[in-house]
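Q: The structure that follows is given in the form of structure tokens.
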Amino acid sequence: MEADFVIVGAGSAGCAMAYRLSEAGASVLVVEHGGTDAGPFIQMPAALSYPMNMSRYDWGYSSEPEPHLNNRRLACPRGKVIGGSSSINGMVYVRGHARDFDTWAEMGADGWAYADVLPYFKRMETWHDGGHGGDPAWRGTDGPLHVSRGPRANPLFQAFVDAGRQAGYQVTDDYNGQKQEGFGPMEQTVWKGRRWSAANAYLKPALKRQNCAVIRGLAARVVIEDGRATGVEVIRGAQRQIVRARREVVLAASSINSPKLLMLSGIGPAAHLAEHGVKVIADRPGVGANLQDHLELYIQQASLQPITLYKHWNLVSKGLIGAQWLFTKTGLGASNQFESAAFIRSKAGVEYPDIQYHFLPIAVRYDGKVAAEGHGFQAHVGPMRSPSRGSVTLRSADAAEAPVIRFNYMSHDEDWEDFRTCIRLTREIFGQDAFAPFAGAEIQPGAAVQSDAELDAFIAEHAESAFHPCGTCRMGRAGDPAAVVDPKARVIGVDGLRVADSSIFPQITNGNLNAPSIMVGEKVSDLLLDRGALPPANDRPWIHPDWANAQR
């Protein structure tokens, strides 16, 4: 019950830190409330809709009623299992755009500009380009995290890329390389037909070492003595035990649970803590604030040809796919089916992409519910940099009780304008010649939905979270009253305590958050070991040469 480092959370960043710290010879204990990731529901890529809807693997969080979305409560899945959300997510791998990280540095996260983080993205990955192209100078070749591409055998995947080109947009061979902007193949954390989660990549190899172990239990609070974090109180059944840290405690419990745990430990907005009878140790108003997420819509089109995944949307076909995967790790079960993507700019004057697409050759919700009758396909589309901000606050001082999650989605006029643009641009893309052999009637929103008011009504009723919450323990300079951690991820006002997960993002990144979350774990590992950061890279990303004047 004692180690050099105690990490709370066996998620994306926590697993990476457990691997790197134990690799360096330090002893590590990882506190994780969830259990094993064994079984096909997690390990089979095509079964991705199941684990995020199972209480065994998911914390089951949801937002408070969102006033701008018809008072709907939106699901906020977070992984309660080894591997964390990397064990229940869609396995989409997106680093983010270079300008995201340069913006972090401009916001006070010194040492986190793109040149600083690129070496960590390269260190963490083994990239399998599948013969599609791309520049290996930008990609890693010997890291623990395998990154691959699906076979893209369905002709709809190429039709999506061709339609983007016909609509005047860029094409990119590798959106995780020098050039994010454009249409091209989507990458996934899948290797040899299995989900390659942070648990598979990092934690399981680390647990083979004598100096790394997992402790099952619910973290109740950080133990702070004389201004220094010395351990974590863990609820294990009917008992409470202290797991001691000889060097440091690191919270990697997610953008929902890390701020909750800080507040339960007396670190947060003083007035809010006092309301719940929590003794204030450090008054940090930024704890739980700055909550950000990506929303998305599914723009669905009927297919004129019976080539979509709908032909497999029955128990017999699902059973056959599952059996093939179980015995051979091949077939449709071996891909998440997100095999084409796009990153585009919504209009002239936008420096770098602010809209993301995932393309899927079936008309179905991300959680696997409500498949449209008949053959269809869809684009998941949403703006990347919403100005809306929410919060995570305590519901009570009981560690077992879920926090209050308010995203405050769509609270700015800009959000509505951006989503209307997303719908209209998607319609234009689906209307290109490349889709002429395939595209039938529009299923959703439907051709009759045209005016701003009609589009807004559709958005309010159908916008869903893309499950990318972040920002609730924002990184910044020590003098910034809104910052929770400094650029070395140290909690401001308490010694021996750091936060390392998506909660420290100053601003949400361009795309899915698993890759940058793992990168945070990689980089903070070096900070914890006091061995200095990797040397900055000098590579510069591609920016549209006429972004100030040309949309495409």
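Chains: A, B, ... in order of the structure tokens. Residues: from 1 per chain. Ligands: from 1, in order shown.
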Return as an MDAnalysis selection string the full set of residues in range 267-476 of chain A whose backbone-based DSSP assignment is alpha helix (DSSP H).
A: chainID A and resid 270:275 315:328 413:430 452:462
Q: Taking only residues of range 51-162 of chain A that have an atom at most 12 Å from an atom of range 309-323 of chain A, what is each one's shortest atom pair and its distance in Å to one decimal, using only C-alpha atoms, in chain and number order, as CSV?
A:
```
residue,atom,partner,partner_atom,distance
A:Ala153,CA,A:Leu309,CA,11.9
A:Asn154,CA,A:Leu309,CA,9.3
A:Pro155,CA,A:Leu309,CA,12.0
A:Leu156,CA,A:Leu309,CA,10.9
```
Q: Output N, CA and C atoms for every residue in that selection, as a PDB file, in the first residue's frame.
A:
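This is the output file part.pdb:
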```pdb
ATOM      1  N   ALA A 153     -12.714  -1.262 -47.682  1.00  0.00           N
ATOM      2  CA  ALA A 153     -13.168  -2.077 -48.801  1.00  0.00           C
ATOM      3  C   ALA A 153     -14.510  -1.612 -49.349  1.00  0.00           C
ATOM      4  N   ASN A 154     -15.344  -1.028 -48.502  1.00  0.00           N
ATOM      5  CA  ASN A 154     -16.640  -0.562 -48.971  1.00  0.00           C
ATOM      6  C   ASN A 154     -16.445   0.656 -49.873  1.00  0.00           C
ATOM      7  N   PRO A 155     -17.040   0.680 -51.066  1.00  0.00           N
ATOM      8  CA  PRO A 155     -16.822   1.796 -51.999  1.00  0.00           C
ATOM      9  C   PRO A 155     -17.312   3.135 -51.468  1.00  0.00           C
ATOM     10  N   LEU A 156     -18.165   3.124 -50.460  1.00  0.00           N
ATOM     11  CA  LEU A 156     -18.656   4.391 -49.907  1.00  0.00           C
ATOM     12  C   LEU A 156     -17.545   5.176 -49.225  1.00  0.00           C
TER      13      LEU A 156
END
```
Q: Run DSSP on the backbone and give me the residues of range 65-182 of chain A it puts in strand (DSSP E or B), as a list in words.
A: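 Selection result, strand (DSSP E or B) within range 65-182 of chain A: Glu66, Arg72, Ala75, Cys76, Gly79, Val81, Val92, Glu125, Thr126, Trp127, Thr141, Leu145, His146, Val147, Ser148, Arg149, Val171 and Gly182 of chain A.
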Q: Please produce a file of those selected residues containing N, CA, C and O atoms, as a JSON list (two decimals), in the first residue's frame.
A:
```
[["chain", "number", "residue", "atom", "x", "y", "z"],
["A", 66, "GLU", "N", -29.98, 20.24, -20.34],
["A", 66, "GLU", "CA", -29.30, 21.29, -21.09],
["A", 66, "GLU", "C", -30.34, 22.27, -21.64],
["A", 66, "GLU", "O", -31.13, 21.92, -22.53],
["A", 72, "ARG", "N", -32.73, 18.38, -22.62],
["A", 72, "ARG", "CA", -32.31, 16.98, -22.66],
["A", 72, "ARG", "C", -31.10, 16.75, -21.76],
["A", 72, "ARG", "O", -30.24, 17.62, -21.62],
["A", 75, "ALA", "N", -25.83, 11.90, -22.46],
["A", 75, "ALA", "CA", -24.94, 10.91, -21.87],
["A", 75, "ALA", "C", -23.50, 11.42, -21.89],
["A", 75, "ALA", "O", -23.06, 12.10, -22.82],
["A", 76, "CYS", "N", -22.75, 11.06, -20.84],
["A", 76, "CYS", "CA", -21.34, 11.42, -20.74],
["A", 76, "CYS", "C", -20.56, 10.18, -20.30],
["A", 76, "CYS", "O", -20.12, 10.07, -19.16],
["A", 79, "GLY", "N", -14.92, 5.68, -18.93],
["A", 79, "GLY", "CA", -14.55, 4.30, -18.70],
["A", 79, "GLY", "C", -14.32, 3.98, -17.24],
["A", 79, "GLY", "O", -13.52, 4.65, -16.57],
["A", 81, "VAL", "N", -13.01, 0.91, -15.97],
["A", 81, "VAL", "CA", -12.40, -0.35, -16.36],
["A", 81, "VAL", "C", -10.93, -0.06, -16.62],
["A", 81, "VAL", "O", -10.56, 1.09, -16.86],
["A", 92, "VAL", "N", -11.05, 5.86, -32.44],
["A", 92, "VAL", "CA", -10.58, 6.80, -33.47],
["A", 92, "VAL", "C", -9.34, 7.51, -32.94],
["A", 92, "VAL", "O", -9.31, 7.98, -31.80],
["A", 125, "GLU", "N", 3.73, 5.97, -30.40],
["A", 125, "GLU", "CA", 3.01, 5.19, -31.40],
["A", 125, "GLU", "C", 3.92, 4.31, -32.26],
["A", 125, "GLU", "O", 5.09, 4.62, -32.49],
["A", 126, "THR", "N", 3.34, 3.19, -32.68],
["A", 126, "THR", "CA", 3.86, 2.44, -33.82],
["A", 126, "THR", "C", 2.80, 2.56, -34.90],
["A", 126, "THR", "O", 1.67, 2.09, -34.75],
["A", 127, "TRP", "N", 3.18, 3.21, -35.98],
["A", 127, "TRP", "CA", 2.22, 3.58, -37.02],
["A", 127, "TRP", "C", 2.27, 2.58, -38.16],
["A", 127, "TRP", "O", 3.34, 2.27, -38.70],
["A", 141, "THR", "N", 7.47, 4.88, -34.94],
["A", 141, "THR", "CA", 7.61, 3.54, -35.50],
["A", 141, "THR", "C", 7.88, 2.46, -34.46],
["A", 141, "THR", "O", 7.90, 1.27, -34.80],
["A", 145, "LEU", "N", 1.83, 2.06, -28.59],
["A", 145, "LEU", "CA", 0.47, 2.20, -29.10],
["A", 145, "LEU", "C", 0.44, 1.94, -30.60],
["A", 145, "LEU", "O", 0.98, 2.72, -31.39],
["A", 146, "HIS", "N", -0.20, 0.86, -31.00],
["A", 146, "HIS", "CA", -0.33, 0.55, -32.42],
["A", 146, "HIS", "C", -1.47, 1.37, -33.03],
["A", 146, "HIS", "O", -2.58, 1.40, -32.49],
["A", 147, "VAL", "N", -1.18, 2.02, -34.14],
["A", 147, "VAL", "CA", -2.17, 2.84, -34.85],
["A", 147, "VAL", "C", -2.26, 2.30, -36.27],
["A", 147, "VAL", "O", -1.24, 2.20, -36.97],
["A", 148, "SER", "N", -3.47, 1.95, -36.69],
["A", 148, "SER", "CA", -3.64, 1.32, -37.99],
["A", 148, "SER", "C", -4.76, 2.00, -38.77],
["A", 148, "SER", "O", -5.37, 2.97, -38.30],
["A", 149, "ARG", "N", -5.04, 1.47, -39.95],
["A", 149, "ARG", "CA", -6.14, 1.95, -40.78],
["A", 149, "ARG", "C", -6.98, 0.77, -41.22],
["A", 149, "ARG", "O", -6.47, -0.34, -41.43],
["A", 171, "VAL", "N", -7.41, 17.17, -50.00],
["A", 171, "VAL", "CA", -7.29, 15.75, -49.68],
["A", 171, "VAL", "C", -5.99, 15.58, -48.91],
["A", 171, "VAL", "O", -5.00, 16.26, -49.19],
["A", 182, "GLY", "N", -8.31, 18.26, -44.81],
["A", 182, "GLY", "CA", -8.68, 17.53, -46.00],
["A", 182, "GLY", "C", -9.45, 16.26, -45.70],
["A", 182, "GLY", "O", -9.74, 15.91, -44.56]]
```
Q: I'd like to know which of A:His358, A:Arg498, A:Arg552, A:Arg221 is closest to Leu251 in chain A, using only C-alpha atoms.
A: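 Checking each of A:His358, A:Arg498, A:Arg552, A:Arg221 against Leu251 in chain A, counting only C-alpha atoms, the winner is A:Arg498.
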Q: Just want the 9 Å neighbourhood of range 516-525 of chain A, counted on only C-alpha atoms, with same-chain residues fewer than 6 positions away dropped. Output as an NGL selection string.
A: :A and (11-18 or 20-21 or 94-96 or 117-118 or 120-121 or 123-124 or 198 or 252 or 488-489 or 498-502 or 504-505 or 509 or 533-534)
Q: Taking only C-alpha atoms into account, which of A:His97, A:Gln180, A:Leu203, A:Gln432 comes nearest Arg165 in chain A?
A: A:Gln432
Q: If we count only C-alpha atoms, what is near range 404-410 of chain A at a cut-off of 10 Å, once residues fewer than 6 positions away on the same chain are taken out, given as number ranges by chain?
A: A: 61-69, 73-74, 76, 256, 260, 288-295, 386-396, 416, 419, 459-460, 463, 465, 469
Q: Using only C-alpha atoms, which protein or nucleic acid residues come within 7 Å of Arg474 in chain A? Drop anything in the same chain fewer than 6 positions from it, and give the result as number ranges by chain.
A: A: 483-485, 503-506
Q: Based on the selection just made, write C-alpha atoms of those residues as an mmCIF file, in the first residue's frame.
A:
```
data_model
loop_
_atom_site.group_PDB
_atom_site.id
_atom_site.type_symbol
_atom_site.label_atom_id
_atom_site.label_comp_id
_atom_site.auth_asym_id
_atom_site.auth_seq_id
_atom_site.Cartn_x
_atom_site.Cartn_y
_atom_site.Cartn_z
ATOM 1 C CA ALA A 483 -5.375 27.804 -13.703
ATOM 2 C CA VAL A 484 -5.484 24.627 -11.630
ATOM 3 C CA VAL A 485 -2.120 23.142 -12.590
ATOM 4 C CA SER A 503 -8.842 17.828 -17.672
ATOM 5 C CA ILE A 504 -5.626 19.868 -17.948
ATOM 6 C CA PHE A 505 -6.273 20.852 -21.596
ATOM 7 C CA PRO A 506 -6.598 24.655 -21.713
#
```
Q: Looking at only C-alpha atoms, which of A:Val190, A:Ile362, A:Met91, A:Val250 is the one that sits closest to Phe5 in chain A?
A: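 So, comparing all the options, the nearest one is A:Val250.
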Q: Work out how far CA of His412 in chain A is from CA of Leu455 in chain A, in Å to one decimal.
A: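 Computing it gives 15.9 Å between the two atoms.
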Q: Env of Gly193 in chain A: 7 Å cut, atoms = only C-alpha atoms, seq-sep filter 6 positions within chain, self excluded. Answer as a PyMOL selection string.
A: chain A and resi 329-330+334-335
Q: Using only C-alpha atoms, pick whichever of A:Gly184, A:Leu304, A:Ala105, A:Gly90 has the shortest atom-to-atom distance to Thr172 in chain A.
A: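 Closest residue, counting only C-alpha atoms: A:Gly184.
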